[in-house]
Amino acid sequence: MKKPSDSRAPAQVSRRAMLAASTAALGLAGTRAAQAEQKPLTVSEWATQLGRPVDDHAYGVPSKFEAGVIRRRVDWLTATAESSVAFTPLAALEGIITPNGLGFIRDHGGTPDIDPAQHRLVIEGLVEKPLIFTLEDIKRFPRVNRIHFCECAANSAMENNGPQMQAVQYSHGMVHNAMYTGVLLKTLLEAVGLKPNAKYVMPEGGDASGLTRTIPLDKALDDCMIAYNMNGEALHPGHGYPMRLVVPGWQANMWVKWIRRIKVGDEPFMTHEETAKYTSLMKDGRSRMFTWPMDAKSVITSPAPEAPWMSKGQNVISGIAWSGRGTIKQVDVSLDGGKNWVKAQIEGPVLPFSMVRFYVNTDWNGDELLLQSRAHDNTGYVQPTKNMLRAIRGRSFNYHNNGIQTWQVRKIGEVNNVEVS
Amino acid sequence: MSKFRNFALAAIIALPSVAFAAEAAKPVSKVAAKDYGLGTPATLDMYKAYLIDVRPDGQGAPVGKGTVKEGEKLFGDQCSSCHGDFGEGVGKFPVLMGGEGTLTRDHPVKTIGSYWPYASTLFDYIDRAMPFPMPKSLTPDQVYSITDWLLNQNNIVKDDFVLTNENIGTIKMPNGNGFYMDDRKVAEKSFWNANACMKNCKPTVAVTAKAISLNDPPKDAKAAAK
């Protein structure tokens with residue numbers, strides 16, 4: 001058995017993260033150990049004694065050998081742990097559904113523990129009949145189930161000025177993909193009735209930060225939802241329990257969690273999160289605002305710095321792609337830093353505003369590879385390189401970095417976050 | 001006083017119209033009320049406590065007023081531990097003043113004075129989200145005073161300016177004209193490319209940069225999480 005090297009750990013960003021990182025490496029090692037051993041099989045101890053009771057964990061937890069597969073926060077990134085982000089461990093995940101306990105959390109004032117019996121949602125403003133809803137009321141409306149990605153507009157922002165984070169968890173981990181159950185916002189807006197001059201809605205969070213955003217009415221009436229379940233179960237507190245807004249394809253910041261109010265208005269509200277933040281400063285010193293849709297993006301999640309290949313020969317390149325403008329049509333993968341591309345195999349469901357999973361099988365001879373992936377969506381948009389983004393935007397745009405990621409597979413056990421010419 | 005030096009300049013820059021943004025929302029025909037018999041019909045009294053939004057023209061601003069002097073005191077007591085005595089920021093906590101003229105530089109300093117387009121946003125945000133450990137604990141007059149002091153600190157209003165619900169919609173911000181609607185479909189039109197290259201797309205490929213020292217925070221680390 002080969003011992004995992006330090007390079008397999010996520011970025012060594014703090015003592016705490018380093019400790020967590022070595023746990024992660026051990027977790028991965030557990031799943032990779034057996035292959036090198038050349039001994040006859042023996043009967044394992046777990047085949048000769050009883051295991052634990054079926055309800056040992058009343059709410060199930062993963063195997064202890066997966067203990068490294070956890071959300072992580074970067075200590076130096078934010079001033080507090082309440083206004084901060086815990087990143088999705090993308091390298092360990094497969095398929096297109098992110099488990100609820102692992103989907104990233106970005107809070108602006110901590111995660112509240114809201115008593116659903118006391119929570120209320122009020123819809124007011126330019127409406128015929130303001131209504132106050134309980135969670136029970138909301139659950140009595142007709143339901144829909146939708147699978148959507150949710151990506152923070154600041155995902156990969158640390159990579160804007162060059163490769164920064166030696167782990168896909170940190171470079172791309174502000175995204176998750178889940179099935180939401182809830183009521184279409186359109187249905188609720190019908191219930192209150194809109195005044196003719198209604199043009200925008202403003203969702204507001206019921207947490208400490210009371211986050212607000214402006215959403216144009218055509219989007220609100222198209223596919224937005226008030227969701228209460230995520231991947232089958234009730235939303236977790238970090239994802240907005242007991243109810244959150246789902247804004248398919250658009251910046252996660254607009255998916256207001258713990259939603260307590262929707263105001264209908266006739267002008268944009270110009271809130272903190274759409275003026276001071278979530279605006280992109282261009283090289284001429286002016287800024288784009290209301291950059292709502294997330295452009296097509298993809299990333300190879302394994303191999304990755306924290307999940308390098310441990311053997312030559314047959315290996316699987318696995319990755320995810322998504323587009324906030326529609327449906328993923330095609331994903332290309334390059335092994336040579338973007339010189340030549342092959343079409344990846346998209347495996348599993350292909351849905352609008354949802355992640356897809358793609359694969360390329362390789363026979364690796366151990367030589368250096370420069371792995372990239374490139375997403376195409378059904379509007380014809382093709383994921384650009386980071387340099388293409390910089391040529392138009394400059395270097396201070398912060399948000400919406402969907403540039404092509406390069407992983408340098410240097411040798412067995414080593415993958416680096418790099419940029420190429 | 002020197003902190004007042006840019007007042008004249010700030011004042012002649014017109015308040016940007018929010019009308020341009022209205023184009024983003026196509027006119028939507030009236031959605032007919034449909035009675036599901038769900039929800040509790042509510043009078044204003046029942047949800048008044050939630051109505052804390054203030055928009056650029058001042059709509060929603062609660063009746064009240066505040067002064068720079070009072071704001072300075074309140075800021076010292078309730079805000080300076082994180083944001084510094086002058087709003088300069090402590091550690092990684094946000095900087096609330098300065099940064100004029102840096103927006104085209106490599107490491108722009110985006111503050112209330114250098115970046116924010118509307119004064120209403122400042123009142124609205126402090127009122128709902130600050131002080132960070134005790135949000136929604138300030139009275140409207142206290143929020144007017146602190147907002148007034150922060151505007152003064154950023155050379156946007158004079159020392160004796162009294163900020164009220166009547167005039168908050170008239171404050172002109174230095175970077176008020178610095179924003180435009182998402183233009184990616186035009187400015188980034190070249191990314192819609194039906195003929196993406198698949199073979200021999202470039203002559204050579206070299207590694208130009210590598211994530212190495214991860215113990216040092218990147219210079220723009222603060223910006224990254226916002």
# chains A, B, ... in the order shown; residues from 1 in each chain; ligands from 1

$ residues_around --residues "Gly103 in chain A" --least-positions-apart "3" --cutoff "6 Å" --atoms "only C-alpha atoms" --output "PyMOL selection string"
chain A and resi 88+98+100+176

$ residues_around --residues "Arg140 in chain A" --least-positions-apart "6" --cutoff "12 Å" --atoms "only C-alpha atoms" --output "list in words"
Phe133, Thr134, Gly182, Val183, Thr187, Leu188 and Tyr228 of chain A; Tyr36, Gly37, Leu38 and Gly39 of chain B

$ closest_atom_pairs --of "range 101-196 of chain B" --to "range 105-127 of chain A" --cutoff "9 Å" --atoms "only C-alpha atoms" --output "tab-separated table"
residue	atom	partner	partner_atom	distance
B:Ala129	CA	A:Gly109	CA	7.9
B:Phe132	CA	A:Gly109	CA	7.4
B:Pro133	CA	A:Gly109	CA	8.4

$ residues_around --residues "range 359-370 of chain A" --least-positions-apart "4" --cutoff "6 Å" --atoms "only C-alpha atoms" --output "list of chain:residue names"
A:Lys312, A:Gly313, A:Gln314, A:Asn315, A:Val316, A:Ile317, A:Ser318, A:Leu335, A:Asp336, A:Gly337, A:Ala344, A:Gln345, A:Trp407, A:Gln408, A:Val409, A:Arg410

$ write_last_selection --atoms "all heavy atoms" --output "CSV table (one decimal), in the first residue's frame"
chain,number,residue,atom,x,y,z
A,312,LYS,N,-0.8,4.0,-13.0
A,312,LYS,CA,-0.9,4.1,-14.4
A,312,LYS,C,-1.9,3.2,-15.0
A,312,LYS,O,-2.5,2.4,-14.3
A,312,LYS,CB,0.5,3.8,-15.0
A,312,LYS,CG,1.6,4.7,-14.6
A,312,LYS,CD,2.9,4.3,-15.2
A,312,LYS,CE,4.1,5.0,-14.5
A,312,LYS,NZ,5.4,4.6,-15.0
A,313,GLY,N,-2.1,3.3,-16.3
A,313,GLY,CA,-3.1,2.4,-17.0
A,313,GLY,C,-4.5,3.1,-17.0
A,313,GLY,O,-4.6,4.3,-17.0
A,314,GLN,N,-5.5,2.2,-17.1
A,314,GLN,CA,-6.9,2.7,-17.2
A,314,GLN,C,-7.2,3.6,-16.0
A,314,GLN,O,-7.1,3.2,-14.8
A,314,GLN,CB,-7.8,1.6,-17.3
A,314,GLN,CG,-9.3,1.8,-16.8
A,314,GLN,CD,-10.1,2.8,-17.8
A,314,GLN,OE1,-9.7,3.0,-18.9
A,314,GLN,NE2,-11.1,3.4,-17.2
A,315,ASN,N,-7.6,4.9,-16.3
A,315,ASN,CA,-8.1,5.8,-15.3
A,315,ASN,C,-9.3,6.6,-15.9
A,315,ASN,O,-9.4,6.7,-17.1
A,315,ASN,CB,-7.0,6.8,-14.9
A,315,ASN,CG,-6.1,6.2,-13.9
A,315,ASN,OD1,-6.4,6.0,-12.7
A,315,ASN,ND2,-4.8,5.9,-14.3
A,316,VAL,N,-10.2,7.0,-15.0
A,316,VAL,CA,-11.3,7.8,-15.4
A,316,VAL,C,-11.2,9.3,-15.1
A,316,VAL,O,-10.9,9.6,-13.9
A,316,VAL,CB,-12.6,7.3,-14.8
A,316,VAL,CG1,-13.8,8.1,-15.2
A,316,VAL,CG2,-12.8,5.8,-15.1
A,317,ILE,N,-11.3,10.1,-16.1
A,317,ILE,CA,-11.4,11.6,-15.9
A,317,ILE,C,-12.9,11.8,-15.6
A,317,ILE,O,-13.7,11.5,-16.5
A,317,ILE,CB,-10.9,12.4,-17.1
A,317,ILE,CG1,-9.4,12.1,-17.3
A,317,ILE,CG2,-11.2,13.9,-16.9
A,317,ILE,CD1,-8.9,12.6,-18.6
A,318,SER,N,-13.2,12.4,-14.5
A,318,SER,CA,-14.6,12.6,-14.1
A,318,SER,C,-14.8,14.1,-13.8
A,318,SER,O,-14.0,14.8,-13.2
A,318,SER,CB,-15.0,11.8,-12.9
A,318,SER,OG,-16.3,12.1,-12.4
A,335,LEU,N,-6.2,16.8,-22.9
A,335,LEU,CA,-5.1,16.2,-22.1
A,335,LEU,C,-3.8,17.0,-22.2
A,335,LEU,O,-2.9,16.7,-21.6
A,335,LEU,CB,-4.9,14.7,-22.5
A,335,LEU,CG,-6.1,13.8,-22.5
A,335,LEU,CD1,-5.6,12.3,-22.9
A,335,LEU,CD2,-6.8,13.8,-21.2
A,336,ASP,N,-3.8,17.9,-23.2
A,336,ASP,CA,-2.6,18.6,-23.5
A,336,ASP,C,-2.7,20.1,-23.4
A,336,ASP,O,-2.2,20.9,-24.2
A,336,ASP,CB,-2.1,18.2,-24.9
A,336,ASP,CG,-3.1,18.5,-26.0
A,336,ASP,OD1,-4.2,19.2,-25.7
A,336,ASP,OD2,-2.9,18.1,-27.1
A,337,GLY,N,-3.5,20.6,-22.4
A,337,GLY,CA,-3.6,22.0,-22.1
A,337,GLY,C,-4.3,22.8,-23.2
A,337,GLY,O,-4.1,24.0,-23.3
A,344,ALA,N,-16.3,14.5,-24.4
A,344,ALA,CA,-16.5,13.7,-23.2
A,344,ALA,C,-17.8,13.0,-23.4
A,344,ALA,O,-18.7,13.4,-24.0
A,344,ALA,CB,-16.4,14.5,-22.0
A,345,GLN,N,-17.9,11.8,-22.6
A,345,GLN,CA,-19.2,11.1,-22.6
A,345,GLN,C,-20.0,11.7,-21.4
A,345,GLN,O,-19.5,11.8,-20.3
A,345,GLN,CB,-18.9,9.6,-22.3
A,345,GLN,CG,-20.1,8.8,-21.9
A,345,GLN,CD,-19.7,7.6,-21.1
A,345,GLN,OE1,-18.5,7.3,-20.8
A,345,GLN,NE2,-20.7,6.8,-20.6
A,407,TRP,N,-5.6,21.3,-14.7
A,407,TRP,CA,-4.9,20.5,-13.7
A,407,TRP,C,-3.7,19.8,-14.3
A,407,TRP,O,-3.8,19.2,-15.4
A,407,TRP,CB,-5.8,19.3,-13.2
A,407,TRP,CG,-7.1,19.7,-12.5
A,407,TRP,CD1,-8.3,19.2,-12.8
A,407,TRP,CD2,-7.3,20.6,-11.4
A,407,TRP,NE1,-9.3,19.7,-12.0
A,407,TRP,CE2,-8.7,20.6,-11.1
A,407,TRP,CE3,-6.5,21.5,-10.7
A,407,TRP,CZ2,-9.2,21.4,-10.1
A,407,TRP,CZ3,-7.0,22.3,-9.7
A,407,TRP,CH2,-8.4,22.2,-9.4
A,408,GLN,N,-2.5,20.1,-13.7
A,408,GLN,CA,-1.3,19.4,-14.2
A,408,GLN,C,-1.2,18.1,-13.5
A,408,GLN,O,-0.9,18.1,-12.3
A,408,GLN,CB,-0.1,20.3,-13.9
A,408,GLN,CG,1.2,19.7,-14.3
A,408,GLN,CD,2.4,20.5,-13.6
A,408,GLN,OE1,2.3,20.8,-12.4
A,408,GLN,NE2,3.4,20.7,-14.4
A,409,VAL,N,-1.4,17.0,-14.2
A,409,VAL,CA,-1.2,15.7,-13.6
A,409,VAL,C,0.3,15.4,-13.8
A,409,VAL,O,0.8,15.1,-14.9
A,409,VAL,CB,-2.0,14.6,-14.3
A,409,VAL,CG1,-1.7,13.2,-13.8
A,409,VAL,CG2,-3.5,14.9,-14.2
A,410,ARG,N,1.1,15.6,-12.8
A,410,ARG,CA,2.6,15.6,-12.9
A,410,ARG,C,3.2,14.2,-12.9
A,410,ARG,O,4.1,13.8,-13.6
A,410,ARG,CB,3.2,16.5,-11.9
A,410,ARG,CG,4.2,17.5,-12.6
A,410,ARG,CD,5.0,18.3,-11.6
A,410,ARG,NE,5.7,17.3,-10.7
A,410,ARG,CZ,7.0,17.3,-10.5
A,410,ARG,NH1,7.7,18.2,-11.0
A,410,ARG,NH2,7.5,16.4,-9.7

$ closest_residue --among "A:Thr271, A:Gln251, A:Ser373, A:Ser396" --to "Tyr125 in chain B" --atoms "only C-alpha atoms"
A:Thr271

$ closest_residue --among "B:Glu88, B:Asp57, B:Asp182, B:Glu70" --to "chain A" --atoms "only C-alpha atoms"
B:Asp182

$ atom_distance --atom1 "CA of Met46 in chain B" --atom2 "CA of Ile132 in chain A"
8.8 Å

$ residues_around --residues "Asn165 in chain B" --least-positions-apart "2" --cutoff "12 Å" --atoms "only C-alpha atoms" --output "PyMOL selection string"
chain B and resi 54-66+119-120+123-124+140-141+143-145+147-148+162-163+167-171

$ residues_around --residues "Asn402 in chain A" --least-positions-apart "3" --cutoff "8 Å" --atoms "only C-alpha atoms" --output "list in words"
Ser156, Asp295, Ala296, Lys297, Ser298, Gln383, Pro384 and Lys386 of chain A

$ closest_atom_pairs --of "chain B" --to "chain A" --cutoff "6 Å" --atoms "only C-alpha atoms" --output "Markdown table"
| residue | atom | partner | partner_atom | distance |
| --- | --- | --- | --- | --- |
| B:Ala25 | CA | A:Pro216 | CA | 5.0 |
| B:Lys30 | CA | A:Pro196 | CA | 5.0 |
| B:Val31 | CA | A:Leu194 | CA | 5.4 |
| B:Ala32 | CA | A:Gly193 | CA | 5.5 |
| B:Ala33 | CA | A:Gly193 | CA | 3.9 |
| B:Lys34 | CA | A:Ala191 | CA | 5.1 |
| B:Asp35 | CA | A:Ala191 | CA | 5.7 |
| B:Leu38 | CA | A:Asp137 | CA | 5.8 |
| B:Gly39 | CA | A:Phe133 | CA | 4.6 |
| B:Thr40 | CA | A:Ile132 | CA | 5.0 |
| B:Pro41 | CA | A:Leu131 | CA | 4.6 |
| B:Ala42 | CA | A:Leu131 | CA | 5.4 |
| B:Arg55 | CA | A:Phe269 | CA | 5.1 |
| B:Lys92 | CA | A:Ala79 | CA | 4.9 |
| B:Phe93 | CA | A:Ala79 | CA | 5.5 |
| B:Leu103 | CA | A:Gly285 | CA | 5.0 |
| B:Thr104 | CA | A:Gly285 | CA | 4.7 |
| B:Trp116 | CA | A:Ala276 | CA | 5.3 |
| B:Thr121 | CA | A:Thr271 | CA | 5.6 |
| B:Ala129 | CA | A:Ser209 | CA | 4.7 |
| B:Gly178 | CA | A:Arg286 | CA | 4.7 |
| B:Phe179 | CA | A:Ser287 | CA | 4.7 |
| B:Tyr180 | CA | A:Arg288 | CA | 5.2 |
| B:Met181 | CA | A:Met289 | CA | 5.2 |
| B:Asp182 | CA | A:Thr291 | CA | 4.9 |
| B:Phe191 | CA | A:Val382 | CA | 5.6 |
| B:Trp192 | CA | A:Tyr381 | CA | 4.0 |
| B:Met198 | CA | A:Trp341 | CA | 4.8 |
| B:Lys199 | CA | A:Asn340 | CA | 4.6 |
| B:Asn200 | CA | A:Lys339 | CA | 5.2 |
| B:Cys201 | CA | A:Lys339 | CA | 4.7 |
| B:Lys202 | CA | A:Lys339 | CA | 5.3 |
| B:Val205 | CA | A:Ser421 | CA | 5.6 |
| B:Ala206 | CA | A:Ser421 | CA | 5.3 |
| B:Val207 | CA | A:Val420 | CA | 4.3 |
| B:Thr208 | CA | A:Val420 | CA | 5.0 |
| B:Ala209 | CA | A:Glu419 | CA | 5.1 |
| B:Lys210 | CA | A:Val418 | CA | 4.2 |
| B:Ala211 | CA | A:Gln164 | CA | 4.7 |
| B:Leu214 | CA | A:Val13 | CA | 5.7 |
| B:Asn215 | CA | A:Val13 | CA | 5.0 |
| B:Ala221 | CA | A:Leu77 | CA | 5.6 |
| B:Lys222 | CA | A:Leu77 | CA | 5.9 |
| B:Ala224 | CA | A:Ala157 | CA | 5.0 |
